[in-house]
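Report on the structure given below.
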Amino acid sequence: DLLMYGDTHTMERDFHEKATGVGFQFSDPYLYDGLRFAGVPHAVKCADNYDWFGDCSDLKICVFAGSTHEDVLRQNFPRQKLIRKDDQHSYLQGFVGGSCSVLAGEQNDIVHTGVRNAGYEGDYAYGKKTLSKEPLAMVTRKDEQSWSDIVNWVLRALIYAEKNSVTQNNARTELHDHRFVAALEAVGNYGEIWARHMEKEVPRKGMNLLYTKETNSGIHYSHPFGVIEDFRHGFDPSGT
C-alpha cells in the first residue's frame, strides 16, 4: 500500500516506472538529497573528475540497479565502470570486498558509519560534487487516490506541527481531538523524527530545513490546514 525506501519522484515515474511499466502517485518530498560519491579517497577524486584513465583506470563504482543514480552515471561513465547492485547489503559488501572502490548514492547510502558497520576499515572520503536532484517521496498506487491523499496529509501535518511547535509530548494538548493527533503522538513532528533517526549521521541543513520568511532557508513549507473539520466524519481519529 505504501512504499517509502528512498524513492525519487520524477515526472517520468508519474506515468512510467521502468521496473513495473506503470505510473505511481507520489507525496510531497519528505527529504531533498542528491547523488554523491564516497569511498577510497583516490578513487573518489577520480570519480568526481569523471576520470577513468591512467592512474584512475581501476575505478569501479557501485550503484543501485534501476535507480535514478544509475541513469545519471550512465551519461558520464562507461557501463563497465558501473557495478550494479540490487540491495543495500550487496551494495556495501561490494565496496568492502573490493569489487568497487567508490559508492554512488545519497547521504544515507554512503554515510561512513554504514560502511564501517559493514566491515570496512580503510581510508574513506566523500566527494565534493552533487550530481543530481533527488526529491525523495512516499509512493502509492494511482488507483487509491483517497489513501494517497491521507499519506500526503500526514506528512504535511508533521511539518505543520514542527512549524507550530507541536511535539509528540504536547500534541493532545495543543490540537485536542484533531485528526492528526494520533500520528503526532506516535512519532512526533518532522523535526523530532529527523533528530531521532537522521541527525547523528546526516545533519539537517540546507533544503531540508523548514522554510521561514526570516531566513528564506529550507524548502519544507508548512501548508495551511484550512477548514477541514467539516468533513471529519470520514476520518478515523484513532489512527492514520
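So you can find residues: chains in the C-alpha cells are A, B, ... in the order shown, residues in each start at 1, and ligands are numbered from 1 in order.
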Task: Which of segment 25-154 of chain A fall in strand (DSSP E), as a ChimeraX atom specification - done: /A:25-33,36-39,61-64,82-85,102-105,125-126,134-140
- [ ] Take atom CA of Glu106 of chain A and atom CA of Glu121 of chain A and report the distance between them in Å, one decimal.
- [x]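 Interatomic distance here is 21.0 Å.
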Task: Residue contacts of Arg74 of chain A (12 Å, only C-alpha atoms) excluding same-chain residues fewer than 3 positions away, as an MDAnalysis selection string - done: chainID A and resid 50 61 63 65:71 77:84
- [ ] Write down as a PyMOL selection string the residues of segment 21-202 of chain A whose backbone DSSP state falls under helix (DSSP H, G or I).
- [x] chain A and resi 41-48+54-56+68-74+79-81+88-96+107-110+112-117+145-163+171-175+181-187+190-197
Open item on the list: Could you list, as a ChimeraX atom specification, every residue within 12 Å of Gly191 of chain A, counting only C-alpha atoms and ignoring same-chain residues fewer than 2 positions away?
Closed with: /A:30-31,155,157-168,184,187-189,193-199,203-205,208-210,220
Writing out the chosen residues with C-alpha atoms as a PDB file, in the first residue's frame:
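Output (selection.pdb):
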ATOM      1  CA  TYR A  30       9.964  14.282   2.663  1.00  0.00           C
ATOM      2  CA  LEU A  31      13.707  14.685   2.052  1.00  0.00           C
ATOM      3  CA  LEU A 155       3.433  14.304   6.022  1.00  0.00           C
ATOM      4  CA  ALA A 157       0.773  17.576   9.361  1.00  0.00           C
ATOM      5  CA  LEU A 158       4.210  16.575  10.660  1.00  0.00           C
ATOM      6  CA  ILE A 159       5.768  19.624   9.011  1.00  0.00           C
ATOM      7  CA  TYR A 160       2.934  21.884  10.180  1.00  0.00           C
ATOM      8  CA  ALA A 161       3.446  20.610  13.716  1.00  0.00           C
ATOM      9  CA  GLU A 162       7.159  21.388  13.672  1.00  0.00           C
ATOM     10  CA  LYS A 163       6.486  24.886  12.386  1.00  0.00           C
ATOM     11  CA  ASN A 164       3.986  25.487  15.192  1.00  0.00           C
ATOM     12  CA  SER A 165       5.988  23.810  17.998  1.00  0.00           C
ATOM     13  CA  VAL A 166       3.564  20.922  18.359  1.00  0.00           C
ATOM     14  CA  THR A 167       5.515  17.900  19.604  1.00  0.00           C
ATOM     15  CA  GLN A 168       4.956  14.270  20.458  1.00  0.00           C
ATOM     16  CA  LEU A 184       1.968  13.035  16.149  1.00  0.00           C
ATOM     17  CA  VAL A 187       6.183   9.569  16.049  1.00  0.00           C
ATOM     18  CA  GLY A 188       6.386  13.298  16.854  1.00  0.00           C
ATOM     19  CA  ASN A 189       6.728  16.131  14.374  1.00  0.00           C
ATOM     20  CA  ILE A 193      11.685  12.246  13.536  1.00  0.00           C
ATOM     21  CA  TRP A 194      14.801  13.669  11.875  1.00  0.00           C
ATOM     22  CA  ALA A 195      16.558  14.182  15.216  1.00  0.00           C
ATOM     23  CA  ARG A 196      15.777  10.626  16.298  1.00  0.00           C
ATOM     24  CA  HIS A 197      16.718   8.776  13.114  1.00  0.00           C
ATOM     25  CA  MET A 198      18.916  11.018  10.942  1.00  0.00           C
ATOM     26  CA  GLU A 199      20.691  13.864  12.712  1.00  0.00           C
ATOM     27  CA  PRO A 203      22.874  16.642   9.920  1.00  0.00           C
ATOM     28  CA  ARG A 204      19.803  18.577   8.859  1.00  0.00           C
ATOM     29  CA  LYS A 205      20.681  21.595   6.755  1.00  0.00           C
ATOM     30  CA  ASN A 208      15.776  20.060   4.383  1.00  0.00           C
ATOM     31  CA  LEU A 209      15.216  22.885   6.866  1.00  0.00           C
ATOM     32  CA  LEU A 210      11.820  24.454   7.366  1.00  0.00           C
ATOM     33  CA  HIS A 220       9.921  22.268   3.645  1.00  0.00           C
TER      34      HIS A 220
END
Open item on the list: I'd like the neighbourhood of Glu17 of chain A as a ChimeraX atom specification, where a residue qualifies if any of its atoms comes within 12 Å (using only C-alpha atoms), though same-chain residues fewer than 3 positions away should be ignored.
Closed with: /A:7-14,20-26,66-68,139,141
Which segment 125-170 of chain A residues have any atom within 9 Å of an atom of segment 33-39 of chain A, and for each, what is the nearest pair of atoms with distance in Å to one decimal, counting only C-alpha atoms, rows sorted by chain and number, as JSON lines?
{"residue": "A:Ala125", "atom": "CA", "partner": "A:Gly39", "partner_atom": "CA", "distance": 5.5}
{"residue": "A:Tyr126", "atom": "CA", "partner": "A:Ala38", "partner_atom": "CA", "distance": 4.2}
{"residue": "A:Gly127", "atom": "CA", "partner": "A:Phe37", "partner_atom": "CA", "distance": 5.0}
{"residue": "A:Lys128", "atom": "CA", "partner": "A:Arg36", "partner_atom": "CA", "distance": 7.7}
{"residue": "A:Lys129", "atom": "CA", "partner": "A:Arg36", "partner_atom": "CA", "distance": 6.3}
{"residue": "A:Thr130", "atom": "CA", "partner": "A:Arg36", "partner_atom": "CA", "distance": 5.1}
{"residue": "A:Leu131", "atom": "CA", "partner": "A:Leu35", "partner_atom": "CA", "distance": 5.2}
{"residue": "A:Ser132", "atom": "CA", "partner": "A:Gly34", "partner_atom": "CA", "distance": 5.1}
{"residue": "A:Lys133", "atom": "CA", "partner": "A:Gly34", "partner_atom": "CA", "distance": 4.8}
{"residue": "A:Glu134", "atom": "CA", "partner": "A:Gly34", "partner_atom": "CA", "distance": 4.9}
{"residue": "A:Pro135", "atom": "CA", "partner": "A:Asp33", "partner_atom": "CA", "distance": 6.2}
{"residue": "A:Leu136", "atom": "CA", "partner": "A:Asp33", "partner_atom": "CA", "distance": 7.3}
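You will find atom CA of Lys85 of chain A at 29.8 Å from atom CA of Ser148 of chain A.
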